[in-house]
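> Next up, input16.cif (mmCIF, C-alpha atoms).
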data_input
#
loop_
_atom_site.label_atom_id
_atom_site.label_comp_id
_atom_site.auth_asym_id
_atom_site.auth_seq_id
_atom_site.Cartn_x
_atom_site.Cartn_y
_atom_site.Cartn_z
CA MET A 1 35.87 -58.34 -8.44
CA THR A 2 38.48 -59.77 -6.13
CA THR A 3 40.74 -62.53 -7.44
CA ILE A 4 42.23 -64.97 -4.98
CA GLU A 5 45.43 -66.57 -6.20
CA ASN A 6 47.00 -69.88 -5.26
CA VAL A 7 43.73 -71.49 -4.11
CA PRO A 8 44.01 -75.26 -4.72
CA THR A 9 41.51 -76.77 -7.13
CA THR A 10 40.55 -80.34 -7.82
CA ALA A 11 38.39 -82.30 -10.22
CA ARG A 12 37.13 -84.67 -7.53
CA PRO A 13 33.35 -84.95 -7.10
CA LEU A 14 31.99 -82.59 -4.46
CA ARG A 15 31.03 -84.16 -1.12
CA ARG A 16 29.73 -81.35 1.03
CA SER A 17 29.14 -81.40 4.77
CA PRO A 18 25.40 -81.77 5.46
CA GLY A 19 23.78 -78.41 6.17
CA ALA A 20 26.90 -76.36 5.42
CA VAL A 21 25.68 -75.36 1.98
CA ALA A 22 22.16 -73.97 1.82
CA PRO A 23 19.86 -74.70 -1.13
CA LEU A 24 18.79 -71.79 -3.29
CA VAL A 25 15.54 -70.05 -2.35
CA ARG A 26 13.72 -68.75 -5.42
CA GLU A 27 10.55 -67.13 -4.06
CA ALA A 28 12.27 -63.82 -3.31
CA TRP A 29 13.53 -60.53 -4.70
CA TYR A 30 17.29 -60.43 -5.39
CA VAL A 31 19.51 -57.63 -6.64
CA LEU A 32 20.43 -58.20 -10.28
CA ALA A 33 22.62 -55.14 -10.82
CA ALA A 34 23.35 -51.60 -9.79
CA ARG A 35 21.01 -49.11 -11.43
CA SER A 36 24.05 -47.54 -13.09
CA GLU A 37 24.74 -50.84 -14.91
CA PHE A 38 21.50 -50.59 -16.86
CA GLY A 39 21.88 -48.89 -20.23
CA ARG A 40 21.15 -49.55 -23.88
CA GLU A 41 23.89 -52.17 -24.04
CA LEU A 42 22.82 -55.79 -23.55
CA ARG A 43 24.43 -57.19 -20.41
CA GLN A 44 24.40 -60.51 -18.59
CA ARG A 45 24.59 -61.77 -15.02
CA TRP A 46 23.97 -65.23 -13.54
CA VAL A 47 21.35 -65.44 -10.78
CA LEU A 48 20.36 -68.70 -9.04
CA GLY A 49 22.20 -70.72 -11.66
CA GLU A 50 20.42 -69.03 -14.58
CA PRO A 51 21.74 -66.38 -17.00
CA VAL A 52 19.82 -63.10 -17.14
CA CYS A 53 20.06 -60.54 -19.96
CA PHE A 54 19.26 -56.96 -18.97
CA PHE A 55 19.10 -53.48 -20.48
CA GLU A 56 17.17 -50.22 -20.26
CA ALA A 57 14.33 -49.60 -22.74
CA GLU A 58 13.86 -46.30 -24.55
CA ASP A 59 11.12 -45.26 -22.10
CA GLY A 60 13.35 -46.02 -19.10
CA ALA A 61 11.82 -49.41 -18.30
CA LEU A 62 14.29 -51.87 -16.77
CA VAL A 63 14.19 -55.10 -18.79
CA ALA A 64 15.43 -58.47 -17.53
CA LEU A 65 14.98 -61.59 -19.67
CA ASP A 66 16.14 -65.18 -19.63
CA ASP A 67 19.43 -64.97 -21.51
CA ARG A 68 18.68 -67.94 -23.75
CA CYS A 69 16.96 -67.80 -27.09
CA ALA A 70 14.00 -70.18 -26.96
CA HIS A 71 15.16 -71.78 -30.23
CA ARG A 72 18.69 -73.11 -29.58
CA ARG A 73 19.72 -71.30 -26.39
CA PHE A 74 22.02 -68.73 -28.01
CA PRO A 75 22.69 -65.92 -25.47
CA LEU A 76 20.47 -62.92 -26.05
CA SER A 77 23.17 -60.81 -24.38
CA ARG A 78 25.42 -61.74 -27.33
CA SER A 79 22.76 -60.84 -29.84
CA VAL A 80 21.62 -57.59 -31.49
CA ARG A 81 19.38 -54.95 -29.95
CA GLU A 82 17.15 -53.23 -32.51
CA GLY A 83 15.26 -50.45 -30.75
CA ASP A 84 13.68 -52.21 -27.80
CA THR A 85 13.73 -55.66 -29.41
CA ILE A 86 16.48 -58.27 -29.35
CA ARG A 87 17.26 -60.24 -32.52
CA CYS A 88 19.10 -63.49 -31.83
CA ARG A 89 22.43 -63.41 -33.64
CA TYR A 90 22.22 -67.14 -34.39
CA HIS A 91 18.93 -67.66 -36.29
CA GLY A 92 17.21 -64.29 -36.09
CA PHE A 93 14.40 -64.99 -33.60
CA THR A 94 13.29 -61.58 -32.31
CA TYR A 95 11.95 -60.79 -28.81
CA GLY A 96 10.13 -57.87 -27.21
CA THR A 97 10.75 -56.46 -23.75
CA ASP A 98 8.08 -58.79 -22.32
CA GLY A 99 9.95 -61.84 -23.64
CA ARG A 100 7.42 -62.70 -26.36
CA CYS A 101 8.86 -63.81 -29.68
CA LEU A 102 7.81 -61.30 -32.33
CA ALA A 103 9.41 -62.76 -35.45
CA VAL A 104 10.78 -66.07 -36.71
CA PRO A 105 12.55 -66.12 -40.10
CA GLY A 106 10.57 -68.40 -42.41
CA GLY A 107 7.93 -69.17 -39.76
CA THR A 108 5.50 -67.79 -37.20
CA PRO A 109 6.28 -67.07 -33.53
CA GLY A 110 3.16 -68.76 -32.16
CA ASP A 111 3.44 -68.82 -28.36
CA ILE A 112 7.25 -68.85 -28.28
CA LYS A 113 8.66 -66.68 -25.49
CA VAL A 114 11.47 -66.39 -22.98
CA ARG A 115 11.03 -65.59 -19.31
CA SER A 116 10.65 -61.94 -18.36
CA TYR A 117 11.60 -61.08 -14.77
CA PRO A 118 9.66 -58.41 -12.83
CA THR A 119 12.06 -55.58 -11.92
CA VAL A 120 11.97 -52.93 -9.19
CA GLU A 121 14.42 -50.15 -8.43
CA ARG A 122 15.15 -49.85 -4.72
CA GLY A 123 18.05 -47.85 -3.35
CA PRO A 124 20.96 -47.83 -5.83
CA TRP A 125 20.07 -51.28 -7.16
CA VAL A 126 17.65 -53.08 -9.47
CA TRP A 127 15.92 -56.13 -7.99
CA ILE A 128 14.30 -59.01 -9.87
CA TRP A 129 11.66 -61.46 -8.69
CA THR A 130 12.91 -65.00 -9.25
CA GLY A 131 9.80 -66.82 -8.03
CA ALA A 132 7.78 -68.97 -10.42
CA ASP A 133 4.66 -66.76 -10.20
CA ALA A 134 5.22 -63.26 -11.55
CA ASP A 135 1.91 -62.16 -9.99
CA ALA A 136 3.46 -62.77 -6.56
CA ALA A 137 6.15 -60.15 -7.24
CA ASP A 138 5.03 -57.64 -4.60
CA PRO A 139 7.61 -54.82 -4.25
CA ASP A 140 6.65 -54.53 -0.57
CA LEU A 141 8.47 -57.86 -0.10
CA ILE A 142 11.79 -56.04 -0.63
CA PRO A 143 13.11 -55.44 2.90
CA TRP A 144 14.82 -52.08 2.35
CA PRO A 145 16.28 -50.62 5.58
CA LYS A 146 14.01 -47.79 6.75
CA GLU A 147 16.97 -46.08 8.43
CA ILE A 148 18.53 -45.15 5.07
CA GLU A 149 17.12 -41.72 4.35
CA GLY A 150 19.21 -38.70 3.36
CA GLY A 151 22.73 -38.91 4.74
CA ASP A 152 25.63 -40.03 2.60
CA GLY A 153 26.85 -43.39 1.34
CA VAL A 154 29.19 -45.33 -0.91
CA THR A 155 28.39 -48.55 -2.75
CA GLY A 156 30.33 -51.36 -4.35
CA TYR A 157 30.33 -54.95 -5.52
CA THR A 158 32.19 -58.05 -4.38
CA GLU A 159 32.14 -61.55 -5.86
CA ASN A 160 32.36 -64.36 -3.31
CA PRO A 161 33.35 -67.86 -4.53
CA CYS A 162 31.16 -69.54 -1.91
CA ASN A 163 27.58 -70.49 -1.11
CA TYR A 164 25.36 -67.57 -0.17
CA SER A 165 24.69 -68.96 3.29
CA MET A 166 28.39 -68.49 4.10
CA VAL A 167 28.17 -64.81 3.16
CA HIS A 168 25.18 -64.37 5.48
CA GLU A 169 26.87 -66.27 8.30
CA ASN A 170 30.04 -64.21 7.92
CA LEU A 171 27.95 -61.07 8.33
CA LEU A 172 26.03 -62.51 11.28
CA ASP A 173 29.13 -63.24 13.37
CA LEU A 174 31.10 -60.02 13.56
CA THR A 175 33.54 -61.32 16.15
CA HIS A 176 35.73 -61.93 13.11
CA LEU A 177 36.20 -58.15 12.72
CA GLU A 178 38.91 -58.11 15.39
CA PHE A 179 40.84 -61.11 14.12
CA LEU A 180 40.40 -61.08 10.34
CA HIS A 181 40.24 -57.32 9.75
CA GLY A 182 41.90 -55.79 12.82
CA ILE A 183 38.94 -53.47 13.47
CA GLY A 184 35.86 -53.49 15.68
CA GLY A 185 37.60 -53.53 19.04
CA HIS A 186 37.92 -56.20 21.71
CA ASP A 187 35.00 -54.77 23.72
CA PHE A 188 32.66 -55.48 20.81
CA THR A 189 34.09 -58.97 20.36
CA VAL A 190 33.54 -60.09 23.93
CA THR A 191 30.12 -58.49 24.42
CA GLU A 192 27.58 -61.30 24.41
CA PRO A 193 25.09 -61.12 21.52
CA ARG A 194 21.37 -61.01 22.27
CA LEU A 195 18.96 -62.58 19.81
CA LEU A 196 16.43 -60.07 18.52
CA SER A 197 12.79 -60.70 19.33
CA ALA A 198 10.13 -60.70 16.60
CA ASP A 199 9.06 -57.13 17.39
CA GLU A 200 12.66 -55.92 17.04
CA LEU A 201 13.00 -57.32 13.51
CA PRO A 202 11.76 -55.39 10.45
CA ALA A 203 7.97 -55.15 10.45
CA GLY A 204 6.39 -57.79 8.26
CA PHE A 205 9.63 -59.78 7.91
CA ALA A 206 10.07 -61.39 11.33
CA HIS A 207 9.27 -64.85 9.92
CA LEU A 208 11.97 -64.35 7.27
CA SER A 209 14.66 -62.86 9.50
CA VAL A 210 17.28 -63.65 12.10
CA GLY A 211 19.30 -61.11 13.99
CA TYR A 212 21.09 -60.15 17.16
CA GLY A 213 22.04 -57.06 19.08
CA LYS A 214 25.05 -55.83 21.03
CA ASP A 215 24.90 -52.86 23.40
CA LEU A 216 28.09 -51.54 24.96
CA ASP A 217 29.94 -48.53 26.29
CA THR A 218 32.86 -47.94 23.96
CA VAL A 219 34.36 -45.28 21.65
CA LEU A 220 33.55 -44.23 18.08
CA ASP A 221 36.77 -45.88 16.85
CA HIS A 222 36.95 -46.44 13.05
CA PHE A 223 33.41 -45.16 12.46
CA ALA A 224 34.60 -41.63 13.27
CA VAL A 225 36.96 -41.31 10.31
CA SER A 226 34.48 -40.59 7.52
CA ALA A 227 32.41 -38.24 9.74
CA GLY A 228 35.36 -36.15 10.88
CA ASP A 229 34.76 -37.02 14.54
CA ASP A 230 37.28 -37.92 17.24
CA PRO A 231 37.74 -41.74 17.30
CA THR A 232 38.25 -41.62 21.10
CA THR A 233 34.81 -40.06 21.75
CA PRO A 234 33.06 -42.17 24.43
CA VAL A 235 29.70 -43.45 23.19
CA PHE A 236 26.99 -45.93 24.02
CA ARG A 237 26.89 -48.13 20.91
CA THR A 238 23.76 -50.03 19.97
CA GLY A 239 24.29 -52.52 17.14
CA ARG A 240 21.63 -54.56 15.36
CA MET A 241 22.82 -57.15 12.81
CA MET A 242 20.16 -58.89 10.70
CA SER A 243 19.64 -61.14 7.71
CA VAL A 244 16.21 -60.26 6.33
CA THR A 245 14.92 -62.69 3.67
CA PRO A 246 17.57 -64.67 1.76
CA ALA A 247 18.48 -61.52 -0.16
CA ILE A 248 19.79 -58.90 2.26
CA ASN A 249 21.81 -58.52 5.42
CA TYR A 250 22.29 -55.22 7.16
CA ALA A 251 23.71 -53.79 10.35
CA VAL A 252 22.33 -50.68 12.01
CA GLU A 253 24.84 -49.03 14.35
CA ARG A 254 23.66 -46.17 16.59
CA PHE A 255 25.93 -43.99 18.73
CA GLU A 256 25.03 -41.78 21.67
CA PRO A 257 27.91 -39.77 23.18
CA THR A 258 28.24 -40.38 26.91
CA ASP A 259 30.33 -37.24 27.47
CA PRO A 260 28.03 -34.17 27.72
CA GLY A 261 30.72 -32.06 26.10
CA ALA A 262 31.27 -34.35 23.09
CA THR A 263 30.96 -32.72 19.67
CA ALA A 264 30.54 -35.92 17.66
CA ARG A 265 28.10 -35.54 14.76
CA LEU A 266 27.72 -39.18 13.80
CA ARG A 267 24.67 -40.93 15.19
CA THR A 268 23.75 -43.75 12.77
CA VAL A 269 25.60 -46.03 10.34
CA VAL A 270 23.98 -48.68 8.15
CA ILE A 271 26.06 -51.30 6.36
CA ALA A 272 23.84 -53.16 3.90
CA HIS A 273 24.72 -56.24 1.84
CA CYS A 274 22.42 -57.49 -0.90
CA VAL A 275 23.26 -61.17 -1.23
CA THR A 276 22.42 -62.74 -4.60
CA PRO A 277 23.42 -66.34 -5.36
CA ALA A 278 25.01 -66.70 -8.79
CA ASP A 279 24.77 -70.46 -8.22
CA ASP A 280 25.21 -72.75 -5.22
CA SER A 281 28.92 -71.96 -4.84
CA SER A 282 29.25 -68.36 -6.00
CA THR A 283 27.57 -65.22 -4.65
CA HIS A 284 27.16 -61.61 -5.75
CA GLN A 285 27.48 -59.13 -2.89
CA PHE A 286 26.21 -55.61 -3.58
CA TRP A 287 27.13 -53.46 -0.59
CA MET A 288 26.48 -50.00 0.79
CA TYR A 289 28.13 -48.07 3.63
CA TRP A 290 25.79 -45.27 4.73
CA GLN A 291 25.97 -42.69 7.50
CA ASP A 292 23.57 -39.98 8.60
CA VAL A 293 26.06 -37.13 8.06
CA PRO A 294 28.07 -36.18 4.94
CA PHE A 295 31.47 -37.72 4.36
CA VAL A 296 34.43 -35.49 5.18
CA VAL A 297 36.88 -37.85 3.47
CA ASP A 298 37.22 -38.65 -0.21
CA ARG A 299 34.37 -40.95 -1.21
CA ASP A 300 36.60 -43.16 -3.36
CA GLU A 301 39.03 -43.45 -0.47
CA ARG A 302 36.21 -44.54 1.86
CA ALA A 303 34.90 -47.05 -0.68
CA ALA A 304 38.40 -48.49 -1.13
CA MET A 305 38.71 -48.92 2.64
CA VAL A 306 35.41 -50.83 2.80
CA GLU A 307 36.36 -52.90 -0.24
CA ARG A 308 39.65 -53.89 1.38
CA VAL A 309 37.75 -55.33 4.33
CA PHE A 310 35.43 -57.31 2.07
CA SER A 311 38.37 -58.65 0.04
CA GLU A 312 39.67 -60.19 3.26
CA ASP A 313 36.26 -61.83 3.73
CA VAL A 314 36.51 -63.23 0.20
CA GLU A 315 39.88 -64.80 0.95
CA ALA A 316 38.58 -66.46 4.12
CA LEU A 317 35.34 -67.68 2.54
CA THR A 318 37.20 -69.07 -0.47
CA TRP A 319 39.29 -71.30 1.77
CA ILE A 320 36.25 -72.38 3.81
CA GLN A 321 34.28 -73.28 0.67
CA GLU A 322 37.23 -75.33 -0.56
CA TYR A 323 37.14 -77.41 2.63
CA VAL A 324 33.36 -77.72 2.59
CA ASP A 325 33.57 -79.05 -0.97
CA HIS A 326 36.44 -81.47 -0.63
CA ASP A 327 37.22 -82.38 3.00
CA GLU A 328 35.74 -85.89 3.17
CA ARG A 329 36.54 -86.76 6.78
CA ALA A 330 33.68 -88.15 8.84
CA GLY A 331 32.55 -86.87 12.22
CA VAL A 332 31.96 -83.43 13.65
CA VAL A 333 33.64 -80.82 11.50
CA GLU A 334 32.14 -77.69 13.07
CA HIS A 335 31.97 -76.88 16.78
CA SER A 336 29.59 -74.00 17.38
CA VAL A 337 29.52 -71.46 20.21
CA PRO A 338 26.88 -68.91 21.31
CA ALA A 339 28.06 -66.36 18.72
CA ASP A 340 27.08 -68.86 16.00
CA VAL A 341 23.41 -69.07 16.98
CA PRO A 342 22.19 -66.38 14.49
CA GLY A 343 24.11 -68.05 11.65
CA LEU A 344 22.77 -71.49 12.52
CA ARG A 345 19.25 -70.11 12.60
CA LEU A 346 19.87 -68.56 9.20
CA ARG A 347 20.97 -71.96 7.83
CA ARG A 348 17.78 -73.55 9.12
CA LEU A 349 15.66 -70.72 7.70
CA LEU A 350 17.14 -71.15 4.21
CA HIS A 351 16.69 -74.93 4.30
CA ARG A 352 13.12 -74.52 5.55
CA LEU A 353 12.20 -72.00 2.82
CA ALA A 354 13.74 -74.16 0.09
CA ALA A 355 11.92 -77.26 1.39
CA ALA A 356 8.61 -75.37 1.38
CA GLU A 357 9.18 -74.41 -2.26
CA ARG A 358 9.91 -78.01 -3.24
CA ALA A 359 6.75 -79.15 -1.46
#
What would you get if you wrote out this structure as structure tokens?

Amino acid sequence: MTTIENVPTTARPLRRSPGAVAPLVREAWYVLAARSEFGRELRQRWVLGEPVCFFEAEDGALVALDDRCAHRRFPLSRSVREGDTIRCRYHGFTYGTDGRCLAVPGGTPGDIKVRSYPTVERGPWVWIWTGADADAADPDLIPWPKEIEGGDGVTGYTENPCNYSMVHENLLDLTHLEFLHGIGGHDFTVTEPRLLSADELPAGFAHLSVGYGKDLDTVLDHFAVSAGDDPTTPVFRTGRMMSVTPAINYAVERFEPTDPGATARLRTVVIAHCVTPADDSSTHQFWMYWQDVPFVVDRDERAAMVERVFSEDVEALTWIQEYVDHDERAGVVEHSVPADVPGLRLRRLLHRLAAAERA
């Protein structure tokens, strides 16, 4: 987790710019945790403003429950696991892996229960369905990138103190790579983005996606490092950047050497971000950097390099969220340009999905 120091805080009521903060969409799969975080220990994470307790059952089942005892809301994650049951450490109410209350000291459980979230393992992460109807939890609604198969990758986690729409928008306007991170190259920055058509978006998710493409003659640049290729290798680069459902954003970068004598091995890179709102002003970002050839550099070193980039995003988004929350001036506060179109469409998509849920 990245900590940003010296960020001003205030107790004034929040007055946010209309549209700048997207409402939370609940009818979706979101990443709760990395698979490696699940064990016999009771753990907790906040998702969509609600605490979730999770652990792994003896048979390997991945359990996720509302982290509030149905009696007096004592955290189950602070309670006692006995086999595959959880006994509340406050008054002893005991729950099974399905959330049903199994025992009440001096009484009967009746129909007492806590919410049990459907879980699915996909990639290195565990996803939970946060929609109201558990029967609607179709694992096929998880938009996992089909390009990720074999190859090699590193994963990590970043906490963003901002609304989840800002994380998506940051990932949908990569012109900031040159100025905020010092990578990406000027050629990529100035190449005009092209909105992706419905048939270019992931099959079955076009109505839940926005994305754009950039195609340009350039060089491998920083992508070459972890593949052991020459950064100056001329390539035709085809980039596709997409937010698919409220829960994931990923970029697919493909490289085709334009020099017949080039020995570059790297052909495809996928950078995936699973975006899970903790609440309306804090976001979990589970990320993966994947390439279609093995790493030739130390994996921890590569992960640290990626994490450094995302820590710079955190700093920028922290300051933006502070202004969104507390800058009370009237009038136009954002002037948009063509590069902002995917992000603006993403804002509208999130507002539209949330409004449909309320209706």
> Convert the output of the PyMOL selection byres ((chain A and resi 85-100) around 8) on the shown file into explicit residues, formatted as an MDAnalysis selection string.
chainID A and resid 57 63 65 69 71 74:76 78:84 101:105 111:116
> Taking a cut-off of 9 Å and counting all atoms listed in the file, can you build a table that, for each residue of range 306-339 of chain A near range 177-192 of chain A, reports the nearest atom pair and how far apart they are in Å (one decimal), sorted by chain then residue number, as JSON lines?

{"residue": "A:Val309", "atom": "CA", "partner": "A:His181", "partner_atom": "CA", "distance": 6.3}
{"residue": "A:Glu312", "atom": "CA", "partner": "A:His181", "partner_atom": "CA", "distance": 7.1}
{"residue": "A:Asp313", "atom": "CA", "partner": "A:Leu180", "partner_atom": "CA", "distance": 7.8}
{"residue": "A:Ala316", "atom": "CA", "partner": "A:Leu180", "partner_atom": "CA", "distance": 8.4}
{"residue": "A:Pro338", "atom": "CA", "partner": "A:Glu192", "partner_atom": "CA", "distance": 8.2}
{"residue": "A:Ala339", "atom": "CA", "partner": "A:Glu192", "partner_atom": "CA", "distance": 7.6}
> Can you pull out every residue within 7 Å of range 262-271 of chain A, counting only C-alpha atoms, but drop anything in the same chain fewer than 3 positions away, and send it as a PDB file with C-alpha atoms, in the coordinates of the input?

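The resulting file, around.pdb, is shown below:
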ATOM      1  CA  ALA A 227      32.410 -38.240   9.740  1.00  0.00           C
ATOM      2  CA  ASP A 229      34.760 -37.020  14.540  1.00  0.00           C
ATOM      3  CA  THR A 233      34.810 -40.060  21.750  1.00  0.00           C
ATOM      4  CA  TYR A 250      22.290 -55.220   7.160  1.00  0.00           C
ATOM      5  CA  ALA A 251      23.710 -53.790  10.350  1.00  0.00           C
ATOM      6  CA  VAL A 252      22.330 -50.680  12.010  1.00  0.00           C
ATOM      7  CA  GLU A 253      24.840 -49.030  14.350  1.00  0.00           C
ATOM      8  CA  ARG A 254      23.660 -46.170  16.590  1.00  0.00           C
ATOM      9  CA  PHE A 255      25.930 -43.990  18.730  1.00  0.00           C
ATOM     10  CA  GLU A 256      25.030 -41.780  21.670  1.00  0.00           C
ATOM     11  CA  PRO A 257      27.910 -39.770  23.180  1.00  0.00           C
ATOM     12  CA  ASP A 259      30.330 -37.240  27.470  1.00  0.00           C
ATOM     13  CA  MET A 288      26.480 -50.000   0.790  1.00  0.00           C
ATOM     14  CA  TYR A 289      28.130 -48.070   3.630  1.00  0.00           C
ATOM     15  CA  TRP A 290      25.790 -45.270   4.730  1.00  0.00           C
ATOM     16  CA  GLN A 291      25.970 -42.690   7.500  1.00  0.00           C
ATOM     17  CA  ASP A 292      23.570 -39.980   8.600  1.00  0.00           C
ATOM     18  CA  VAL A 293      26.060 -37.130   8.060  1.00  0.00           C
TER      19      VAL A 293
END
> Using the chain letters and numbers from the file, which residues does the PyMOL selection byres ((chain A and resi 219) around 6) grab, as a list in words?
Thr218, Leu220, Asp221, Thr232, Thr233, Pro234 and Val235 of chain A
> Suppose a student applies the PyMOL selection byres ((chain A and resi 273-287) around 6) to this structure; what residues should they get, written as a list in words?
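Listing what the PyMOL selection byres ((chain A and resi 273-287) around 6) selects in the shown file: Tyr30, Trp46, Val47, Leu48, Gly49, Thr155, Gly156, Tyr157, Thr158, Glu159, Asn160, Pro161, Cys162, Asn163, Tyr164, Ala247, Ile248, Asn249, Tyr250, Ala272 and Met288 of chain A.
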> How would range 197-204 of chain A read, as a compact mmCIF listing (two decimals), in the frame of the given file, once all heavy atoms are built in?

# COMPACT_ATOMS: atom_id res chain seq x y z
N SER A 197 14.15 -60.16 19.28
CA SER A 197 12.79 -60.70 19.33
C SER A 197 12.05 -60.33 18.05
O SER A 197 12.50 -59.49 17.26
CB SER A 197 12.04 -60.13 20.54
OG SER A 197 11.92 -58.72 20.43
N ALA A 198 10.90 -60.93 17.83
CA ALA A 198 10.13 -60.70 16.60
C ALA A 198 9.78 -59.23 16.42
O ALA A 198 9.82 -58.71 15.30
CB ALA A 198 8.86 -61.55 16.61
N ASP A 199 9.45 -58.53 17.54
CA ASP A 199 9.06 -57.13 17.39
C ASP A 199 10.25 -56.20 17.20
O ASP A 199 10.07 -55.00 16.93
CB ASP A 199 8.21 -56.68 18.58
CG ASP A 199 8.92 -56.82 19.91
OD1 ASP A 199 10.08 -57.27 19.93
OD2 ASP A 199 8.32 -56.47 20.94
N GLU A 200 11.48 -56.72 17.31
CA GLU A 200 12.66 -55.92 17.04
C GLU A 200 13.15 -56.08 15.60
O GLU A 200 13.99 -55.31 15.14
CB GLU A 200 13.80 -56.32 17.98
CG GLU A 200 13.56 -55.98 19.43
CD GLU A 200 14.70 -56.44 20.30
OE1 GLU A 200 14.82 -57.66 20.53
OE2 GLU A 200 15.50 -55.59 20.75
N LEU A 201 12.63 -57.08 14.90
CA LEU A 201 13.00 -57.32 13.51
C LEU A 201 12.13 -56.45 12.60
O LEU A 201 11.08 -55.95 13.03
CB LEU A 201 12.83 -58.80 13.19
CG LEU A 201 13.78 -59.74 13.94
CD1 LEU A 201 13.35 -61.19 13.80
CD2 LEU A 201 15.21 -59.56 13.44
N PRO A 202 12.53 -56.25 11.35
CA PRO A 202 11.76 -55.39 10.45
C PRO A 202 10.29 -55.82 10.36
O PRO A 202 10.00 -57.00 10.20
CB PRO A 202 12.49 -55.54 9.11
CG PRO A 202 13.89 -55.87 9.50
CD PRO A 202 13.77 -56.74 10.71
N ALA A 203 9.40 -54.87 10.46
CA ALA A 203 7.97 -55.15 10.45
C ALA A 203 7.57 -55.90 9.18
O ALA A 203 7.92 -55.49 8.07
CB ALA A 203 7.17 -53.85 10.56
N GLY A 204 6.85 -56.99 9.38
CA GLY A 204 6.39 -57.79 8.26
C GLY A 204 7.36 -58.85 7.80
O GLY A 204 7.03 -59.67 6.94
